Amino acid sequence: MAKTLASEEAPEKASPGEAGRSLRAPFLWLLGPAAVWLWVATILALLGSLKLVDPRFLGAWGWLTFGRISPAAFLSFVYGFSIPVGLSAALWAVTKGGRLPLLGRRWCLASSFLWNVGLWGGITGVLAGESRSLSWLGLPTFSLPSLGLAYLLSAVWLVAALVGRWEETSLASRFLLLGLVWIPWGGGVAALMLHDPAVRGVAVASLEWWFNDGLLYAGLGAFALGIVYLLAPVLLGCPLAFPRLGRLAFWSWALFANLAGTAHLVGGPFPLWMVSLGVSSRFLLWVAAAAVGVGFWVAARGGLAEKKVWDPTWHFLRFGMISFLTAAGLGALLILPAWSRYVHYTVLEEAQLILFLYGFLSMTFFSLLYALLPQVLGRPWPSPTLAKAHFRLSSYGISFLVGLLVVGGFFQGVGLDDPELPIHEVIVSLLPFLRSAAAPAMALLAAHAVFGLHLLWLVVESGSNRRVADEVAVPGTGMEGVRTS
Amino acid sequence: MTEPKRVLLGILLATGVGWLLLVWMPLRKLGPASAADGGAPFGRAVIGGKVYAANGCASCHTQVVRPPNLGSDIARGWGARRTLPTEYREEHLVPLGVLRLGPDLANVGERRTEPYWYYRLLYDPRTIYPGTLMPSYRYLFARVPLLGTPLPDSLSLSGRDAPPLGFQVVPGPKARGLVAYLLSLKRVPPGETGKTP
């Protein structure tokens, strides 16, 4: 299973070589803007959080009103950062870690250009008040054609390459394929239907949630799980345990990710079967997550005993997996019928989302970037200290942010359930938590700043030393990231 | 069929099942009635609905009343009964919402019937709810010269907010649309007694 990298790994000294160098541009075109979008997302999120500290902060500007920057922050994170990193993971997998040549190189560059143009337009549109407020479908219409075209330009041949270079046992390829295919399938259908005047009524809301959870779990989640399966063998020296269970988990994930969305509609204007379907799918997603988790920990226990050096790839990956399991568990717990009345519409649900987005997706993505970039650029990360700072700041930031929202959400839920307690008092009891959340948001901004600077340093250094690099750098061991000495 | 193609087909099918059950079926069963039945809403309230969406009111407000066993919504007076699919039947905009940092608005037009109250709320929520979390939407208002007597819906403002001499503050077209929309939020299922939407 998941021999994607290991199988081609035979010649130890093989540095990225010709193929690797031709990948430099596509990867940088994908990941450079992604780092910028991560910044944009974090700044917007911090502004949003400051607006909850004092709603009058920057209050005169419509384009910075809370209801616009908070969706804009999530949208930039998902479309600006997550999807390009997911595509990089697929690119990495189909080129076998940069060892095989890339056929659609020019298409790839065109695609990231179009994607970013579309997205700048889209996010500006959201801030300018062009959004239809449909969560992950909230990007304005005019940005959709360019985003769709851009995605297809790279996804079509990535899928073709993935299928062409298929490896029987690789679970990484399966998950990456799911991510690659789900996004245009789900996104295309959702976008077309939303622009059909005949689509009216509550189906608009179930469409919205089918897409939301599909994008989160079957799109981005699948990318991140693909990364887990891609990196684990290299980090742990062995693939994840229980491959058959993993395969079962894959199929459950693919199916139930598509059905889980209606769990958000508890108490809404929907027939009971729809909501029950969502609730049970959430549970089965958790079971699938646990199956992946068991395979991961069993492999980790065996493979990691002798690892002494601080390796960012491993630390980010482990944090990502812990968040993944917690978020999946929380997702199933929160929709238990007995709880729902206390937790629905509270920031507890937001906590689960943030744990999934920031804790699982972004940390797993960072893990990939720490492994991938030194190989593509032919240089190790310049500073282990910066990598460590990035990890510390983000792990503390995420943990505190989620913790505050969980506790705050509990107060909010109990308060909302008491009809005698005016809304104002409910919110007042929640405010200390919302306000303190600005501190971890600041920590996350610092974390992403550290990462951005480190990345810039790496790119500049590798650019100035491209010749020398070939001789000196990375003795091509698997996907080792920063070498701590 | 080779293995990767099987996987690909499986993925497409799994996604299709979700679409069929959660999108296509509800659209058939709960979607718009026949074209003869009035059709999609139109007018100022629809424009206001777009303003509601574009300014992200749904990031703090929901528009759904849950049944008594799933929450205190009815006890709080947010509606007389749970929200039914028919209440949204003809609408493009279904802002059920995700987070309650403010009251539910499914029936706010029933509770608050005075346009001027809404204008004051949107211009400066703190004049109505001191210390509230709701932001001001004064960018939806316009400052226009005062010619003779003030316009009927010009805001009476004092202190720091007062416009300079010879000017008045009136709701812009977006604020008017938004308030028309909020006033229209009286979700009574067709066929029931009471105001029809």
# chains A, B, ... in the order shown; residues from 1 in each chain; ligands from 1
>>> select_by_dssp(residues="stretch 37-187 of chain B", states="strand (DSSP E)", output="list in words")
Phe141, Ala142, Arg143, Val144, Pro145, Phe167, Gln168, Val169, Val170 and Pro171 of chain B
>>> closest_atom_pairs(of="chain A", to="chain B", cutoff="7 Å", atoms="only C-alpha atoms", output="CSV")
residue,atom,partner,partner_atom,distance
A:Leu52,CA,B:Leu133,CA,6.6
A:Pro55,CA,B:Pro135,CA,5.1
A:Arg56,CA,B:Pro135,CA,6.6
A:Gly59,CA,B:Ser136,CA,6.7
A:Ala60,CA,B:Tyr139,CA,6.5
A:Trp61,CA,B:Tyr139,CA,6.9
A:Gly62,CA,B:Tyr139,CA,5.8
A:Gly67,CA,B:Gly56,CA,3.7
A:Arg68,CA,B:Gly56,CA,5.6
A:Gly129,CA,B:Ala54,CA,4.7
A:Glu130,CA,B:Ala54,CA,5.7
A:Ser131,CA,B:Ala54,CA,4.8
A:Arg132,CA,B:Ala53,CA,5.3
A:Ser133,CA,B:Ala53,CA,4.9
A:Val163,CA,B:Pro4,CA,5.6
A:Trp166,CA,B:Pro4,CA,6.6
A:Leu178,CA,B:Ile11,CA,6.3
A:Arg200,CA,B:His92,CA,4.8
A:Gly201,CA,B:Arg89,CA,4.0
A:Val202,CA,B:Tyr88,CA,5.9
A:Ala203,CA,B:Leu27,CA,5.1
A:Val204,CA,B:Val94,CA,6.5
A:Ala205,CA,B:Val94,CA,6.1
A:Ser206,CA,B:Leu22,CA,6.0
A:Leu207,CA,B:Val23,CA,5.2
A:Trp210,CA,B:Leu22,CA,6.6
A:Ala254,CA,B:Ala14,CA,6.3
A:Leu255,CA,B:Ala14,CA,4.8
A:Asn258,CA,B:Gly18,CA,4.8
A:Leu259,CA,B:Gly18,CA,5.2
A:Gly267,CA,B:Arg66,CA,4.7
A:Gly268,CA,B:Val64,CA,6.2
A:Pro269,CA,B:Leu84,CA,4.7
A:Phe270,CA,B:Pro85,CA,6.4
A:Ser340,CA,B:Leu70,CA,6.9
A:Arg341,CA,B:Gly71,CA,4.8
A:Tyr345,CA,B:Leu99,CA,4.2
A:Thr346,CA,B:Leu99,CA,5.6
A:Val347,CA,B:Leu99,CA,6.9
A:Asp417,CA,B:Ser72,CA,5.2
A:Asp418,CA,B:Ser72,CA,6.7
A:Pro419,CA,B:Arg76,CA,5.0
A:Ile423,CA,B:Pro103,CA,6.6
A:Ile427,CA,B:Leu101,CA,6.5
>>> select_by_dssp(residues="stretch 282-385 of chain A", states="helix (DSSP H, G or I)", output="number ranges by chain")
A: 282-303, 312-334, 337-343, 347-377, 384-385
>>> residues_around(residues="A:Leu220", least_positions_apart="4", cutoff="9 Å", atoms="only C-alpha atoms", output="ChimeraX atom specification")
/A:78,82-83,86,179,183,214-216,224-225,361
>>> closest_residue(among="A:Ala371, A:Met363, A:Leu231, A:Leu317", to="A:His390", atoms="only C-alpha atoms")
A:Met363
>>> residues_around(residues="A:Gly226", least_positions_apart="4", cutoff="12 Å", atoms="only C-alpha atoms", output="PyMOL selection string")
chain A and resi 2+4+85-93+170-180+217-222+230-233+240+246+250+292+317+361+364-365+368
>>> residues_around(residues="B:Arg120", least_positions_apart="2", cutoff="12 Å", atoms="only C-alpha atoms", output="short mmCIF file (atom, residue, chain, number, x, y, z; two decimals) with all heavy atoms, in the first residue's frame")
data_model
loop_
_atom_site.label_atom_id
_atom_site.label_comp_id
_atom_site.auth_asym_id
_atom_site.auth_seq_id
_atom_site.Cartn_x
_atom_site.Cartn_y
_atom_site.Cartn_z
N GLU B 114 -42.38 48.53 12.35
CA GLU B 114 -42.19 49.95 12.12
C GLU B 114 -40.92 50.18 11.30
O GLU B 114 -39.81 49.93 11.80
CB GLU B 114 -42.08 50.59 13.53
CG GLU B 114 -41.91 52.06 13.62
CD GLU B 114 -42.81 52.85 12.71
OE1 GLU B 114 -44.02 52.52 12.58
OE2 GLU B 114 -42.27 53.79 12.11
N PRO B 115 -41.01 50.62 10.03
CA PRO B 115 -39.79 50.77 9.22
C PRO B 115 -38.74 51.65 9.91
O PRO B 115 -37.56 51.35 9.86
CB PRO B 115 -40.28 51.42 7.93
CG PRO B 115 -41.74 51.18 7.88
CD PRO B 115 -42.22 50.96 9.28
N TYR B 116 -39.21 52.70 10.55
CA TYR B 116 -38.27 53.63 11.15
C TYR B 116 -37.41 52.95 12.21
O TYR B 116 -36.21 53.23 12.34
CB TYR B 116 -39.02 54.82 11.74
CG TYR B 116 -38.08 55.92 12.18
CD1 TYR B 116 -37.46 56.73 11.24
CD2 TYR B 116 -37.81 56.12 13.52
CE1 TYR B 116 -36.59 57.72 11.63
CE2 TYR B 116 -36.94 57.10 13.93
CZ TYR B 116 -36.33 57.90 12.98
OH TYR B 116 -35.45 58.86 13.37
N TRP B 117 -38.03 52.02 12.94
CA TRP B 117 -37.27 51.28 13.96
C TRP B 117 -36.08 50.55 13.31
O TRP B 117 -34.97 50.57 13.82
CB TRP B 117 -38.20 50.28 14.65
CG TRP B 117 -37.54 49.54 15.77
CD1 TRP B 117 -37.44 49.94 17.07
CD2 TRP B 117 -36.87 48.27 15.69
NE1 TRP B 117 -36.76 49.01 17.80
CE2 TRP B 117 -36.39 47.96 16.98
CE3 TRP B 117 -36.63 47.36 14.66
CZ2 TRP B 117 -35.69 46.80 17.27
CZ3 TRP B 117 -35.93 46.20 14.95
CH2 TRP B 117 -35.47 45.93 16.24
N TYR B 118 -36.35 49.93 12.14
CA TYR B 118 -35.28 49.22 11.45
C TYR B 118 -34.19 50.17 10.98
O TYR B 118 -33.01 49.86 11.05
CB TYR B 118 -35.84 48.46 10.25
CG TYR B 118 -36.65 47.24 10.60
CD1 TYR B 118 -38.04 47.30 10.64
CD2 TYR B 118 -36.03 46.04 10.88
CE1 TYR B 118 -38.78 46.18 10.95
CE2 TYR B 118 -36.77 44.91 11.19
CZ TYR B 118 -38.15 44.98 11.23
OH TYR B 118 -38.88 43.87 11.53
N LEU B 122 -30.35 49.76 11.92
CA LEU B 122 -29.29 49.54 10.95
C LEU B 122 -28.27 50.67 11.00
O LEU B 122 -27.08 50.46 10.83
CB LEU B 122 -29.87 49.43 9.54
CG LEU B 122 -30.69 48.18 9.28
CD1 LEU B 122 -31.34 48.24 7.91
CD2 LEU B 122 -29.81 46.94 9.39
N TYR B 123 -28.75 51.89 11.26
CA TYR B 123 -27.83 53.02 11.28
C TYR B 123 -26.92 52.93 12.49
O TYR B 123 -25.70 53.11 12.38
CB TYR B 123 -28.59 54.34 11.30
CG TYR B 123 -27.66 55.51 11.09
CD1 TYR B 123 -27.25 55.85 9.81
CD2 TYR B 123 -27.18 56.25 12.16
CE1 TYR B 123 -26.37 56.88 9.59
CE2 TYR B 123 -26.30 57.30 11.96
CZ TYR B 123 -25.91 57.61 10.67
OH TYR B 123 -25.02 58.63 10.47
N ASP B 124 -27.48 52.65 13.63
CA ASP B 124 -26.66 52.51 14.83
C ASP B 124 -27.36 51.59 15.83
O ASP B 124 -28.18 52.04 16.63
CB ASP B 124 -26.40 53.88 15.46
CG ASP B 124 -25.41 53.75 16.59
OD1 ASP B 124 -24.95 52.62 16.85
OD2 ASP B 124 -25.08 54.76 17.22
N PRO B 125 -27.03 50.29 15.80
CA PRO B 125 -27.73 49.34 16.68
C PRO B 125 -27.58 49.72 18.16
O PRO B 125 -28.41 49.33 18.97
CB PRO B 125 -27.03 48.01 16.39
CG PRO B 125 -26.33 48.19 15.12
CD PRO B 125 -26.02 49.65 14.99
N ARG B 126 -26.54 50.49 18.48
CA ARG B 126 -26.31 50.78 19.90
C ARG B 126 -27.31 51.77 20.48
O ARG B 126 -27.41 51.89 21.69
CB ARG B 126 -24.89 51.28 20.10
CG ARG B 126 -23.95 50.14 19.79
CD ARG B 126 -22.53 50.39 20.13
NE ARG B 126 -21.88 49.09 20.07
CZ ARG B 126 -20.98 48.65 20.94
NH1 ARG B 126 -20.60 49.43 21.91
NH2 ARG B 126 -20.47 47.45 20.83
N THR B 127 -28.02 52.49 19.60
CA THR B 127 -29.06 53.36 20.16
C THR B 127 -30.23 52.51 20.66
O THR B 127 -30.99 52.94 21.51
CB THR B 127 -29.59 54.36 19.11
OG1 THR B 127 -30.02 53.61 17.98
CG2 THR B 127 -28.55 55.36 18.70
N ILE B 128 -30.37 51.31 20.11
CA ILE B 128 -31.47 50.45 20.54
C ILE B 128 -31.01 49.41 21.55
O ILE B 128 -31.64 49.19 22.56
CB ILE B 128 -32.12 49.77 19.32
CG1 ILE B 128 -32.76 50.85 18.44
CG2 ILE B 128 -33.16 48.75 19.76
CD1 ILE B 128 -33.42 50.32 17.20
N TYR B 129 -29.88 48.79 21.25
CA TYR B 129 -29.32 47.80 22.17
C TYR B 129 -27.93 48.27 22.60
O TYR B 129 -26.95 47.97 21.91
CB TYR B 129 -29.18 46.45 21.49
CG TYR B 129 -30.42 45.88 20.88
CD1 TYR B 129 -30.57 45.81 19.50
CD2 TYR B 129 -31.43 45.37 21.68
CE1 TYR B 129 -31.69 45.26 18.93
CE2 TYR B 129 -32.56 44.82 21.11
CZ TYR B 129 -32.69 44.78 19.74
OH TYR B 129 -33.81 44.22 19.19
N SER B 136 -22.81 48.47 12.92
CA SER B 136 -23.63 49.50 12.28
C SER B 136 -23.56 49.34 10.77
O SER B 136 -22.54 48.93 10.22
CB SER B 136 -23.09 50.87 12.69
OG SER B 136 -23.32 51.80 11.66
N TYR B 137 -24.67 49.64 10.12
CA TYR B 137 -24.69 49.56 8.65
C TYR B 137 -24.91 50.94 8.06
O TYR B 137 -25.67 51.10 7.11
CB TYR B 137 -25.75 48.56 8.19
CG TYR B 137 -25.34 47.15 8.53
CD1 TYR B 137 -25.71 46.57 9.72
CD2 TYR B 137 -24.50 46.45 7.68
CE1 TYR B 137 -25.27 45.30 10.06
CE2 TYR B 137 -24.05 45.18 8.01
CZ TYR B 137 -24.45 44.62 9.20
OH TYR B 137 -23.99 43.38 9.53
N ARG B 138 -24.21 51.92 8.62
CA ARG B 138 -24.51 53.28 8.15
C ARG B 138 -24.05 53.52 6.74
O ARG B 138 -24.45 54.49 6.12
CB ARG B 138 -23.96 54.33 9.12
CG ARG B 138 -22.51 54.25 9.43
CD ARG B 138 -22.16 55.28 10.48
NE ARG B 138 -22.74 54.94 11.78
CZ ARG B 138 -22.73 55.75 12.83
NH1 ARG B 138 -22.21 56.96 12.73
NH2 ARG B 138 -23.25 55.38 13.97
N LEU B 140 -25.13 52.07 4.37
CA LEU B 140 -26.32 51.90 3.52
C LEU B 140 -27.19 53.17 3.53
O LEU B 140 -28.26 53.19 2.95
CB LEU B 140 -27.16 50.72 4.01
CG LEU B 140 -26.47 49.35 4.03
CD1 LEU B 140 -27.38 48.29 4.62
CD2 LEU B 140 -26.06 48.95 2.62
N PHE B 141 -26.71 54.20 4.22
CA PHE B 141 -27.47 55.44 4.32
C PHE B 141 -26.75 56.54 3.56
O PHE B 141 -25.57 56.41 3.24
CB PHE B 141 -27.63 55.83 5.79
CG PHE B 141 -28.54 54.90 6.54
CD1 PHE B 141 -28.10 53.64 6.92
CD2 PHE B 141 -29.84 55.26 6.84
CE1 PHE B 141 -28.93 52.76 7.60
CE2 PHE B 141 -30.68 54.38 7.52
CZ PHE B 141 -30.22 53.14 7.90
N ASP B 153 -38.59 59.93 6.07
CA ASP B 153 -37.84 58.90 6.77
C ASP B 153 -36.40 59.31 7.07
O ASP B 153 -35.53 58.47 7.25
CB ASP B 153 -37.88 57.57 6.00
CG ASP B 153 -37.55 57.76 4.54
OD1 ASP B 153 -37.09 58.87 4.20
OD2 ASP B 153 -37.73 56.83 3.75
N SER B 154 -36.15 60.62 7.13
CA SER B 154 -34.81 61.03 7.52
C SER B 154 -34.63 60.73 9.01
O SER B 154 -35.58 60.81 9.79
CB SER B 154 -34.59 62.50 7.22
OG SER B 154 -35.02 63.27 8.29
N LEU B 155 -33.42 60.35 9.38
CA LEU B 155 -33.18 59.94 10.76
C LEU B 155 -32.97 61.16 11.63
O LEU B 155 -32.29 62.10 11.23
CB LEU B 155 -31.95 59.05 10.83
CG LEU B 155 -32.01 57.74 10.06
CD1 LEU B 155 -30.75 56.93 10.29
CD2 LEU B 155 -33.22 56.93 10.47
N SER B 156 -33.56 61.14 12.82
CA SER B 156 -33.27 62.24 13.74
C SER B 156 -32.08 61.82 14.58
O SER B 156 -32.14 60.88 15.36
CB SER B 156 -34.49 62.53 14.62
OG SER B 156 -34.74 61.44 15.46
N LEU B 157 -30.97 62.50 14.31
CA LEU B 157 -29.72 62.11 14.96
C LEU B 157 -29.23 63.27 15.81
O LEU B 157 -29.43 64.43 15.48
CB LEU B 157 -28.67 61.77 13.91
CG LEU B 157 -29.06 60.63 12.97
CD1 LEU B 157 -28.13 60.62 11.77
CD2 LEU B 157 -29.02 59.32 13.70
N ASP B 161 -23.32 61.93 15.87
CA ASP B 161 -23.87 61.43 14.63
C ASP B 161 -24.63 62.47 13.83
O ASP B 161 -24.96 62.23 12.66
CB ASP B 161 -24.84 60.26 14.92
CG ASP B 161 -24.09 59.01 15.32
OD1 ASP B 161 -22.89 58.95 14.99
OD2 ASP B 161 -24.69 58.14 15.96
N VAL B 169 -29.81 62.77 7.04
CA VAL B 169 -29.39 61.40 6.74
C VAL B 169 -30.63 60.58 6.42
O VAL B 169 -31.56 60.52 7.21
CB VAL B 169 -28.65 60.79 7.93
CG1 VAL B 169 -28.40 59.31 7.68
CG2 VAL B 169 -27.34 61.51 8.16
N VAL B 170 -30.63 60.01 5.21
CA VAL B 170 -31.79 59.21 4.81
C VAL B 170 -31.31 57.82 4.38
O VAL B 170 -30.16 57.66 3.97
CB VAL B 170 -32.55 59.85 3.63
CG1 VAL B 170 -33.21 61.14 4.04
CG2 VAL B 170 -31.63 60.05 2.44
N PRO B 171 -32.18 56.83 4.50
CA PRO B 171 -31.79 55.49 4.05
C PRO B 171 -31.59 55.48 2.54
O PRO B 171 -32.38 56.06 1.79
CB PRO B 171 -32.98 54.60 4.45
CG PRO B 171 -34.11 55.52 4.77
CD PRO B 171 -33.51 56.82 5.16
N ALA B 175 -30.75 50.21 1.88
CA ALA B 175 -31.36 50.14 3.21
C ALA B 175 -32.86 49.99 3.08
O ALA B 175 -33.50 49.22 3.81
CB ALA B 175 -31.00 51.37 4.02
N VAL B 179 -34.97 46.81 4.48
CA VAL B 179 -36.05 46.93 5.47
C VAL B 179 -37.35 46.35 4.90
O VAL B 179 -38.10 45.67 5.61
CB VAL B 179 -36.20 48.39 5.93
CG1 VAL B 179 -37.46 48.55 6.75
CG2 VAL B 179 -34.99 48.78 6.75
#
>>> residues_around(residues="stretch 432-442 of chain A", least_positions_apart="3", cutoff="9 Å", atoms="only C-alpha atoms", output="VMD selection string")
chain A and resid 42 to 43 45 to 50 52 to 54 393 to 394 396 to 402 404 to 405 407 to 409 428 to 429 445 to 447
>>> write_last_selection(atoms="N, CA, C and O atoms", output="compact mmCIF listing (two decimals), in the first residue's frame")
# COMPACT_ATOMS: atom_id res chain seq x y z
N THR A 42 -5.76 34.84 6.87
CA THR A 42 -5.50 35.02 8.29
C THR A 42 -5.74 36.47 8.71
O THR A 42 -6.29 36.72 9.78
N ILE A 43 -5.34 37.39 7.86
CA ILE A 43 -5.56 38.80 8.21
C ILE A 43 -7.05 39.09 8.29
O ILE A 43 -7.53 39.73 9.23
N ALA A 45 -9.40 36.98 8.91
CA ALA A 45 -9.98 36.31 10.08
C ALA A 45 -9.67 37.10 11.34
O ALA A 45 -10.52 37.25 12.23
N LEU A 46 -8.45 37.64 11.41
CA LEU A 46 -8.09 38.42 12.59
C LEU A 46 -8.94 39.69 12.67
O LEU A 46 -9.44 40.06 13.73
N LEU A 47 -9.13 40.34 11.51
CA LEU A 47 -9.98 41.54 11.50
C LEU A 47 -11.38 41.19 11.99
O LEU A 47 -11.98 41.91 12.80
N GLY A 48 -11.90 40.06 11.51
CA GLY A 48 -13.23 39.64 11.92
C GLY A 48 -13.28 39.44 13.42
O GLY A 48 -14.23 39.85 14.09
N SER A 49 -12.24 38.84 13.93
CA SER A 49 -12.22 38.57 15.35
C SER A 49 -12.11 39.88 16.14
O SER A 49 -12.74 40.04 17.19
N LEU A 50 -11.36 40.85 15.60
CA LEU A 50 -11.28 42.14 16.29
C LEU A 50 -12.62 42.86 16.25
O LEU A 50 -12.95 43.64 17.14
N LEU A 52 -15.38 41.49 16.61
CA LEU A 52 -16.22 40.99 17.69
C LEU A 52 -15.75 41.53 19.03
O LEU A 52 -16.50 41.54 20.01
N VAL A 53 -14.49 41.98 19.09
CA VAL A 53 -14.04 42.64 20.31
C VAL A 53 -14.77 43.98 20.41
O VAL A 53 -15.31 44.33 21.45
N ASP A 54 -14.76 44.74 19.32
CA ASP A 54 -15.53 45.98 19.30
C ASP A 54 -16.12 46.17 17.92
O ASP A 54 -15.40 46.41 16.96
N LEU A 393 3.72 28.18 17.20
CA LEU A 393 2.70 29.23 17.13
C LEU A 393 1.40 28.67 16.59
O LEU A 393 0.32 28.94 17.13
N SER A 394 1.49 27.85 15.54
CA SER A 394 0.20 27.39 15.00
C SER A 394 -0.44 26.36 15.89
O SER A 394 -1.66 26.38 16.06
N TYR A 396 -0.26 26.05 19.18
CA TYR A 396 -0.88 26.72 20.32
C TYR A 396 -2.07 27.56 19.87
O TYR A 396 -3.13 27.55 20.50
N GLY A 397 -1.87 28.29 18.79
CA GLY A 397 -2.96 29.14 18.30
C GLY A 397 -4.22 28.33 18.04
O GLY A 397 -5.31 28.67 18.52
N ILE A 398 -4.08 27.24 17.31
CA ILE A 398 -5.26 26.44 16.97
C ILE A 398 -5.88 25.84 18.22
O ILE A 398 -7.09 25.89 18.42
N SER A 399 -5.04 25.31 19.11
CA SER A 399 -5.61 24.66 20.30
C SER A 399 -6.38 25.67 21.14
O SER A 399 -7.49 25.39 21.60
N PHE A 400 -5.80 26.86 21.35
CA PHE A 400 -6.50 27.84 22.18
C PHE A 400 -7.77 28.34 21.51
O PHE A 400 -8.81 28.48 22.15
N LEU A 401 -7.67 28.59 20.21
CA LEU A 401 -8.83 29.08 19.49
C LEU A 401 -9.98 28.08 19.61
O LEU A 401 -11.11 28.43 19.98
N VAL A 402 -9.68 26.83 19.36
CA VAL A 402 -10.72 25.81 19.41
C VAL A 402 -11.24 25.66 20.84
O VAL A 402 -12.45 25.60 21.09
N LEU A 404 -11.31 27.86 23.28
CA LEU A 404 -12.16 29.00 23.66
C LEU A 404 -13.54 28.87 23.05
O LEU A 404 -14.55 29.11 23.72
N LEU A 405 -13.58 28.49 21.78
CA LEU A 405 -14.88 28.41 21.12
C LEU A 405 -15.70 27.25 21.68
O LEU A 405 -16.93 27.35 21.77
N VAL A 407 -15.66 26.06 24.81
CA VAL A 407 -16.23 26.43 26.10
C VAL A 407 -17.27 27.54 25.93
O VAL A 407 -18.38 27.47 26.47
N GLY A 408 -16.92 28.54 25.11
CA GLY A 408 -17.87 29.62 24.87
C GLY A 408 -19.16 29.11 24.26
O GLY A 408 -20.26 29.51 24.65
N GLY A 409 -19.03 28.18 23.31
CA GLY A 409 -20.20 27.63 22.65
C GLY A 409 -21.10 26.90 23.63
O GLY A 409 -22.34 26.94 23.51
N VAL A 428 -23.65 38.26 25.97
CA VAL A 428 -22.71 38.81 26.96
C VAL A 428 -21.92 37.69 27.63
O VAL A 428 -20.72 37.81 27.87
N SER A 429 -22.59 36.55 27.89
CA SER A 429 -21.86 35.45 28.53
C SER A 429 -20.85 34.83 27.57
O SER A 429 -19.88 34.22 27.99
N LEU A 445 -1.65 34.40 12.92
CA LEU A 445 -1.11 35.34 11.94
C LEU A 445 0.41 35.33 12.02
O LEU A 445 1.11 35.28 11.00
N ALA A 446 0.93 35.34 13.25
CA ALA A 446 2.38 35.30 13.42
C ALA A 446 2.94 34.01 12.83
O ALA A 446 3.96 34.01 12.14
N ALA A 447 2.25 32.89 13.08
CA ALA A 447 2.73 31.61 12.56
C ALA A 447 2.83 31.65 11.04
O ALA A 447 3.84 31.25 10.46
>>> residues_around(residues="B:Lys186", least_positions_apart="6", cutoff="6 Å", atoms="only C-alpha atoms", output="MDAnalysis selection string")
chainID B and resid 107 109:110
>>> atom_distance(atom1="atom CA of A:Phe27", atom2="atom CA of A:Phe451")
16.6 Å
>>> atom_distance(atom1="atom CA of A:Ser252", atom2="atom CA of A:Gly278")
13.7 Å
>>> atom_distance(atom1="atom CA of B:Gly172", atom2="atom CA of B:Gly43")
16.2 Å
>>> closest_residue(among="A:Gly415, A:Gly125, A:Pro101, A:Gly32", to="A:Leu458", atoms="only C-alpha atoms")
A:Gly32
